[in-house]
Structures are given as structure tokens and as C-alpha cells.
Amino acid sequence: MKILITGGAGFIGSCFVRYILNKYNDYQVINLDALTYAGNIENLEDVQDNRNYTFIHGNICDKKLVRDIMSEVDLVVNFAAESHVDRSITGPEIFVETNIQGTLNLLQASKETGVERYLQVSTDEVYGTLGKTGYFYETTPIAPNSPYSASKAGADLLVRSYFETYKLPVLITRCSNNYGPYQYPEKLIPFFISKLLRNEKVPVYGDGLNVRDWLYVYDHCSAIDTVLHKGKIGDVYNIGGHNEKTNIEITKLILMSMGKDESSIEYVKDRLGHDRRYAISNDKIQSELGWKPSVTFEEGIKLTIDWYLKNQDWIKNIENKKAGVL
Ligand SMILES: NC(=O)c1ccc[n+]([C@@H]2O[C@H](COP(=O)([O-])OP(=O)(O)OC[C@H]3O[C@@H](n4cnc5c(N)ncnc54)[C@H](O)[C@@H]3O)[C@@H](O)[C@H]2O)c1
């Protein structure tokens with residue numbers, strides 16, 4: 001089998017590349033990544049010499065390149081995206097270009113070359129926000145609130161249309177917030193850790209009571225693998241670990257693990273359109289495909305914080321790149 005993984009140099013994509021190479025000795029993995037600010041080839045240093053692995057530096061919006069690559073692949077998993085909500089609020093155009101136009105390009109090439117399965121990695125953010133109770137189900141109407149989630153929702157609708165119109169064998173996964181090693185330090189957990197390492201305060205939005213449902217990145221990858229191989233074509237699968245935490249709970253946990261107290265917190269003006277609560281039901285993937293998370297939140301957060309503390313050079317290299325030193 002040949003599998004095209006797009007966005008494989010990012011946080012979740014790099015975990016998935018490693019996951020597939022470890023699990024399937026007979027799979028050839030092609031990683032197509034544009035290496036935007038969020039892509040980091042260092043994330044895959046340990047597999048770069050693996051004979052089953054090929055890296056292609058390129059853009060999912062490049063029609064010819066994508067068509068050429070696709071002519072030799074059986075499976076496609078699309079992680080490539082602009083993924084940071086705050087950036088989508090100040091500059092939405094690139095989100096439409098990559099997340100919608102890029103997905104369309106992949107779908108079109110998949111259709112033309114006849115891939116066996118195309119899996120779109122989506123997010124629970126397409127469902128919008130919840131009140132104090134209830135969960136997102138696969139049947140929950142899509143109601144995105146940020147340019148990021150709107151672009152992901154647009155992509156999901158295109159994926160669905162390629163199934164309905166052309167019978168392209170597609171699958172969509174919608175996962176809750178991920179955490180773990182190699183996450184770009186603009187997202188909450190690595191951002192706060194990197195701030196605290198520099199003895200700076202951590203900025204908490206609003207009252208800190210926004211709720212997110214956290215899943216360890218490895219479990220997201222095992223769920224995608226399960227859906228890719230066992231999912232029903234044309235279906236959507238939610239992925240989550242029932243770990244609802246407020247931002248302030250996560251913040252206090254990080255502070256405690258790093259020997260800091262609450263004087264390191266700075267409350268800042270809330271994000272525009274900030275969704276209050278996400279919580280996802282994983283009933284369908286559990287009951288139909290037998291998937292369940294393997295890492296508890298307590299284990300995962302410890303592994304994650306330890307990793308960032310041990311790999312401070314990884315954070316420093318990113319900061320140097322940002323500052324134009326590298
Ligand atoms: N991080 C989360 O909590 C989370 C949760 C649910 C779903 N998702 C989805 O999972 C996917 C991966 O998220 P992530 O957190 O790893 O993101 P990330 O920002 O860490 O990685 C994105 C990767 O895509 C690459 N990329 C961006 N534009 C590209 C383009 N035009 N062509 C080729 N490559 C391009 C980047 O270089 C980077 O390597 C995204 O689709 C995201 O919407 C993320």
C-alpha cells in the first residue's frame with residue numbers, strides 16, 4: 001500500500017507518519033508538506049532514513065504536483081491545513097486557500113486517479129459551541145464560528161459532495177483538541193510551557209472558563225488509522241476522549257508541574273467569537289469500530305509536559321526561526 005499523508009511535518013501529521021511506519025512494515029508513506037511556519041521537518045528526524053518514507057516539499061494547492069503524486073497512491077489522509085484560530089481572525093484568506101481550495105485539489109486528483117480511500121482530518125470546531133451540557137454528535141448541524149472552523153467546515157462539505165456526486169470513497173474524522181509532543185508553541189499547552197520557561201506570565205483569555213475536550217495526539221492517530229481501515233465509506237466519525245477541562249484548569253496544572261504559582265497568570269481580553277464549550281461524543285467510533293483512547297489525561301499531560309521540558313532546544317529552534325536567527 002502507498003499512503004499519501006499531507007501536512008505530515010506538523011504536530012498531528014508527524015505523529016501519524018511515525019504511527020503508520022511503526023505499525024505497517026509494508027506501507028510506503030509519502031509526506032507532502034509545504035513547510036509553512038507550522039511545519040517542521042525536525043519533527044520527523046527519527047524516520048527520515050526509513051526506506052518506507054519519502055518527503056516531498058510541496059503545496060496541496062499545486063495541481064500538477066498533487067496529480068502526479070496521486071497517480072501512484074492508494075490511500076490519502078489530509079492533515080495539511082492552517083490550524084490556528086487566532087491567525088484566522090487576523091488573516092482569513094490563507095485559511096480559505098489551503099483548507100478549502102487545497103482540499104478541493106486533493107479531492108479532484110483523488111477522483112481522477114481513483115484512490116481506494118480518502119480521509120479528511122477535520123475538527124469538532126465545525127459544530128460551533130455548546131452550552132453547559134450536551135455533546136457534539138455526528139448528526140449535530142455544522143455551525144462554525146471562526147474563519148478557521150468555517151474553512152474546515154467548507155472542506156468537509158466538499159468532501160461530502162465528492163461522495164454524493166462522484167462516489168469518491170471518502171471518510172471524515174472530527175476530533176477534539178489534541179495535546180502532546182511536537183505541537184507548535186502558539187497553541188495553549190506548549191505556548192504556556194515556553195512562556196514559563198522564560199519566566200514570563202501566561203495570558204489566559206477572558207475568565208478562563210472556556211471548556212475544551214482534550215485527547216492525547218497518539219490516540220487521535222490510532223483513531224484515524226481505525227477509521228481509515230475500518231470506517232464506512234461516506235461516513236463522519238467523531239473522535240474524543242471525554243476529558244473536558246476549562247482553560248484555567250489546564251493552566252493551573254501546567255503551573256503546578258513547573259513549580260510556579262498563580263501569580264504567573266495574566267487574564268487578557270477574550271478572543272473574538274470565542275466558543276464557550278466543546279465536548280464530543282465518541283459513541284459511534286467506539287460502538288461501530290471498537291476504538292477507544294489508550295492514554296488517560298493524567299498520563300498524557302505528564303508525558304507532554306516532560307517532553308517539552310526535555311526538548312527545550314526544539315522550542316528554541318522554533319523561536320530562533322521566528323526571530324530570523326536560523
Ligand atoms: N491540533 C488540534 O487540536 C486539532 C484537532 C482536531 C483536528 N485538527 C486538524 O488536524 C490537522 C493537523 O493539525 P495540526 O495541529 O497538526 O496542525 P499544524 O499547524 O501543526 O500542521 C499543519 C501542517 O500542514 C502543513 N501545511 C499547511 N499548509 C499547507 C499546504 N498548503 N500544503 C501542504 N502542507 C501544508 C504545515 O506545513 C504543517 O506541517 C488540521 O487539519 C487540523 O484542522 C487539529
# chains A, B, ... in the order shown; residues from 1 in each chain; ligands from 1

call {"tool": "closest_atom_pairs", "arguments": {"of": "chain A", "to": "ligand 1", "cutoff": "7 Å", "atoms": "only C-alpha atoms and all ligand atoms", "output": "CSV"}}
result
residue,atom,partner,partner_atom_place_in_ligand_line,distance
A:Thr6,CA,ligand 1,34 (N),6.0
A:Gly7,CA,ligand 1,24 (O),3.5
A:Gly8,CA,ligand 1,39 (O),5.7
A:Ala9,CA,ligand 1,39 (O),4.0
A:Gly10,CA,ligand 1,39 (O),3.3
A:Phe11,CA,ligand 1,16 (O),3.7
A:Ile12,CA,ligand 1,16 (O),3.7
A:Gly13,CA,ligand 1,16 (O),5.3
A:Leu32,CA,ligand 1,33 (C),6.0
A:Asp33,CA,ligand 1,34 (N),3.7
A:Ala34,CA,ligand 1,33 (C),4.0
A:Leu35,CA,ligand 1,37 (O),3.6
A:Thr36,CA,ligand 1,37 (O),3.9
A:Tyr37,CA,ligand 1,37 (O),6.4
A:Ala38,CA,ligand 1,19 (O),4.8
A:Gly39,CA,ligand 1,39 (O),3.1
A:Asn40,CA,ligand 1,39 (O),6.2
A:Gly58,CA,ligand 1,33 (C),5.9
A:Asn59,CA,ligand 1,32 (N),3.5
A:Ile60,CA,ligand 1,32 (N),4.0
A:Cys61,CA,ligand 1,31 (N),5.8
A:Asn78,CA,ligand 1,41 (O),6.9
A:Phe79,CA,ligand 1,11 (C),4.1
A:Ala80,CA,ligand 1,24 (O),3.6
A:Ala81,CA,ligand 1,27 (C),4.5
A:Glu82,CA,ligand 1,27 (C),5.3
A:Ser83,CA,ligand 1,19 (O),4.7
A:His84,CA,ligand 1,19 (O),6.8
A:Thr98,CA,ligand 1,31 (N),4.7
A:Gly102,CA,ligand 1,31 (N),6.3
A:Val121,CA,ligand 1,41 (O),5.3
A:Ser122,CA,ligand 1,7 (C),4.9
A:Thr123,CA,ligand 1,7 (C),4.0
A:Asp124,CA,ligand 1,6 (C),6.5
A:Lys152,CA,ligand 1,43 (O),6.6
A:Arg174,CA,ligand 1,6 (C),6.3
A:Cys175,CA,ligand 1,6 (C),4.4
A:Ser176,CA,ligand 1,5 (C),5.1
A:Asn177,CA,ligand 1,3 (O),3.6
A:Asn178,CA,ligand 1,3 (O),3.7
A:Tyr179,CA,ligand 1,3 (O),6.6
A:Gln183,CA,ligand 1,20 (O),6.0
A:Tyr184,CA,ligand 1,20 (O),5.9

call {"tool": "select_by_dssp", "arguments": {"residues": "range 65-271 of chain A", "states": "strand (DSSP E)", "output": "ChimeraX atom specification"}}
result
/A:75-78,117-123,170-175,177-179,202-205,211-216,236-239,244-246,265-268

call {"tool": "atom_distance", "arguments": {"atom1": "CA of Met1 in chain A", "atom2": "CA of Leu44 in chain A"}}
result
20.8 Å

call {"tool": "atom_distance", "arguments": {"atom1": "CA of Glu93 in chain A", "atom2": "CA of Pro144 in chain A"}}
result
16.3 Å

call {"tool": "residues_around", "arguments": {"residues": "Thr133 in chain A", "least_positions_apart": "5", "cutoff": "12 Å", "atoms": "only C-alpha atoms", "output": "ChimeraX atom specification"}}
result
/A:211,244,276-281

call {"tool": "residues_around", "arguments": {"residues": "Asn247 in chain A", "least_positions_apart": "6", "cutoff": "7 Å", "atoms": "only C-alpha atoms", "output": "compact mmCIF listing (two decimals) with C-alpha atoms, in the first residue's frame"}}
result
# COMPACT_ATOMS: atom_id res chain seq x y z
CA GLY A 208 -10.54 31.14 31.72
CA LEU A 209 -13.71 29.08 31.91
CA ASN A 210 -13.90 28.05 28.24
CA VAL A 211 -14.08 24.27 28.11

call {"tool": "residues_around", "arguments": {"residues": "range 220-232 of chain A", "least_positions_apart": "2", "cutoff": "10 Å", "atoms": "only C-alpha atoms", "output": "PDB file with C-alpha atoms, in the first residue's frame"}}
result
ATOM      1  CA  ILE A  12      -0.516  15.584  14.440  1.00  0.00           C
ATOM      2  CA  GLY A  13       0.660  14.643  10.938  1.00  0.00           C
ATOM      3  CA  SER A  14       4.171  13.827  12.176  1.00  0.00           C
ATOM      4  CA  CYS A  15       2.733  11.590  14.894  1.00  0.00           C
ATOM      5  CA  PHE A  16       0.623   9.839  12.245  1.00  0.00           C
ATOM      6  CA  VAL A  17       3.597   9.338   9.870  1.00  0.00           C
ATOM      7  CA  ARG A  18       5.502   7.689  12.718  1.00  0.00           C
ATOM      8  CA  TYR A  19       2.435   5.662  13.753  1.00  0.00           C
ATOM      9  CA  ILE A  20       1.941   4.227  10.234  1.00  0.00           C
ATOM     10  CA  LYS A  23       2.546  -0.325  12.533  1.00  0.00           C
ATOM     11  CA  LEU A  75      -4.754   5.929   0.418  1.00  0.00           C
ATOM     12  CA  VAL A  76      -4.858   9.650   1.216  1.00  0.00           C
ATOM     13  CA  VAL A  77      -5.016  11.258   4.666  1.00  0.00           C
ATOM     14  CA  ARG A 117      -9.793   5.728   0.352  1.00  0.00           C
ATOM     15  CA  TYR A 118      -9.559   9.439   1.086  1.00  0.00           C
ATOM     16  CA  LEU A 119      -9.717  10.538   4.731  1.00  0.00           C
ATOM     17  CA  GLN A 120     -10.249  14.195   5.659  1.00  0.00           C
ATOM     18  CA  VAL A 121      -8.936  15.143   9.097  1.00  0.00           C
ATOM     19  CA  PRO A 169     -14.608   6.697  -1.255  1.00  0.00           C
ATOM     20  CA  VAL A 170     -14.242   9.346   1.441  1.00  0.00           C
ATOM     21  CA  LEU A 171     -14.238   9.406   5.248  1.00  0.00           C
ATOM     22  CA  ILE A 172     -14.258  12.384   7.619  1.00  0.00           C
ATOM     23  CA  THR A 173     -12.984  12.443  11.195  1.00  0.00           C
ATOM     24  CA  ARG A 174     -13.790  15.258  13.628  1.00  0.00           C
ATOM     25  CA  CYS A 175     -11.547  15.323  16.661  1.00  0.00           C
ATOM     26  CA  SER A 176     -11.443  17.407  19.809  1.00  0.00           C
ATOM     27  CA  ASN A 177      -8.395  19.399  20.999  1.00  0.00           C
ATOM     28  CA  ASN A 178      -5.143  17.458  20.797  1.00  0.00           C
ATOM     29  CA  TYR A 179      -2.133  17.758  23.065  1.00  0.00           C
ATOM     30  CA  LEU A 215      -7.174  13.989  23.579  1.00  0.00           C
ATOM     31  CA  TYR A 216      -3.573  12.747  23.532  1.00  0.00           C
ATOM     32  CA  VAL A 217      -2.234  13.038  19.979  1.00  0.00           C
ATOM     33  CA  TYR A 218      -1.282   9.341  19.758  1.00  0.00           C
ATOM     34  CA  GLY A 234     -19.100   8.290   3.172  1.00  0.00           C
ATOM     35  CA  ASP A 235     -19.403   8.488   6.980  1.00  0.00           C
ATOM     36  CA  VAL A 236     -18.269  11.022   9.573  1.00  0.00           C
ATOM     37  CA  TYR A 237     -16.652   9.806  12.828  1.00  0.00           C
ATOM     38  CA  ASN A 238     -16.210  11.956  15.917  1.00  0.00           C
ATOM     39  CA  ILE A 239     -13.051  11.360  17.958  1.00  0.00           C
ATOM     40  CA  GLY A 240     -12.647  12.399  21.578  1.00  0.00           C
ATOM     41  CA  GLY A 241     -11.589  11.176  24.982  1.00  0.00           C
ATOM     42  CA  ILE A 285     -16.407   5.151  16.756  1.00  0.00           C
ATOM     43  CA  GLN A 286     -16.445   3.101  19.989  1.00  0.00           C
ATOM     44  CA  GLU A 288     -19.087   0.606  15.441  1.00  0.00           C
ATOM     45  CA  LEU A 289     -15.299   0.353  15.115  1.00  0.00           C
ATOM     46  CA  GLY A 290     -14.210  -0.674  18.620  1.00  0.00           C
ATOM     47  CA  TRP A 291     -11.781   2.263  19.055  1.00  0.00           C
ATOM     48  CA  LYS A 292     -11.112   3.752  22.445  1.00  0.00           C
ATOM     49  CA  PRO A 293      -8.409   6.046  23.805  1.00  0.00           C
ATOM     50  CA  SER A 294      -5.421   4.340  25.423  1.00  0.00           C
TER      51      SER A 294
END

call {"tool": "residues_around", "arguments": {"residues": "Glu72 in chain A", "least_positions_apart": "3", "cutoff": "9 Å", "atoms": "only C-alpha atoms", "output": "number ranges by chain"}}
result
A: 2, 68-69, 113, 115

call {"tool": "select_by_dssp", "arguments": {"residues": "range 122-198 of chain A", "states": "alpha helix (DSSP H)", "output": "PDB file with C-alpha atoms, in the first residue's frame"}}
result
ATOM      1  CA  PRO A 147     -12.819  31.712   9.938  1.00  0.00           C
ATOM      2  CA  TYR A 148     -10.694  28.644  10.818  1.00  0.00           C
ATOM      3  CA  SER A 149     -13.664  26.424  11.667  1.00  0.00           C
ATOM      4  CA  ALA A 150     -15.656  27.835   8.731  1.00  0.00           C
ATOM      5  CA  SER A 151     -12.850  26.874   6.355  1.00  0.00           C
ATOM      6  CA  LYS A 152     -12.683  23.366   7.857  1.00  0.00           C
ATOM      7  CA  ALA A 153     -16.479  23.062   7.587  1.00  0.00           C
ATOM      8  CA  GLY A 154     -16.329  24.191   3.945  1.00  0.00           C
ATOM      9  CA  ALA A 155     -13.768  21.481   3.267  1.00  0.00           C
ATOM     10  CA  ASP A 156     -15.954  18.861   4.976  1.00  0.00           C
ATOM     11  CA  LEU A 157     -18.878  19.828   2.760  1.00  0.00           C
ATOM     12  CA  LEU A 158     -16.749  19.469  -0.355  1.00  0.00           C
ATOM     13  CA  VAL A 159     -15.598  16.035   0.825  1.00  0.00           C
ATOM     14  CA  ARG A 160     -19.214  15.011   1.368  1.00  0.00           C
ATOM     15  CA  SER A 161     -20.162  16.297  -2.085  1.00  0.00           C
ATOM     16  CA  TYR A 162     -17.448  14.197  -3.744  1.00  0.00           C
ATOM     17  CA  PHE A 163     -19.018  11.138  -2.139  1.00  0.00           C
ATOM     18  CA  GLU A 164     -22.582  12.062  -3.070  1.00  0.00           C
ATOM     19  CA  THR A 165     -21.785  13.250  -6.593  1.00  0.00           C
ATOM     20  CA  TYR A 166     -18.860  11.088  -7.725  1.00  0.00           C
ATOM     21  CA  LEU A 188      -2.158  26.666  24.607  1.00  0.00           C
ATOM     22  CA  ILE A 189      -0.100  23.926  26.281  1.00  0.00           C
ATOM     23  CA  PRO A 190       3.307  24.374  24.548  1.00  0.00           C
ATOM     24  CA  PHE A 191       2.792  28.164  24.446  1.00  0.00           C
ATOM     25  CA  PHE A 192       2.302  28.346  28.194  1.00  0.00           C
ATOM     26  CA  ILE A 193       5.209  25.994  28.875  1.00  0.00           C
ATOM     27  CA  SER A 194       7.523  28.047  26.664  1.00  0.00           C
ATOM     28  CA  LYS A 195       6.408  31.281  28.375  1.00  0.00           C
ATOM     29  CA  LEU A 196       7.020  29.834  31.830  1.00  0.00           C
ATOM     30  CA  LEU A 197      10.448  28.572  30.784  1.00  0.00           C
TER      31      LEU A 197
END

call {"tool": "residues_around", "arguments": {"residues": "Asp207 in chain A", "least_positions_apart": "4", "cutoff": "10 Å", "atoms": "only C-alpha atoms", "output": "PyMOL selection string"}}
result
chain A and resi 246-248+267-270

call {"tool": "write_last_selection", "arguments": {"atoms": "C-alpha atoms", "output": "compact mmCIF listing (two decimals), in the first residue's frame"}}
result
# COMPACT_ATOMS: atom_id res chain seq x y z
CA THR A 246 -11.51 24.53 31.47
CA ASN A 247 -8.54 26.55 30.22
CA ILE A 248 -7.84 27.68 33.75
CA TYR A 267 -6.00 37.46 32.38
CA VAL A 268 -6.32 39.07 28.92
CA LYS A 269 -9.23 40.29 26.76
CA ASP A 270 -11.22 37.37 25.42
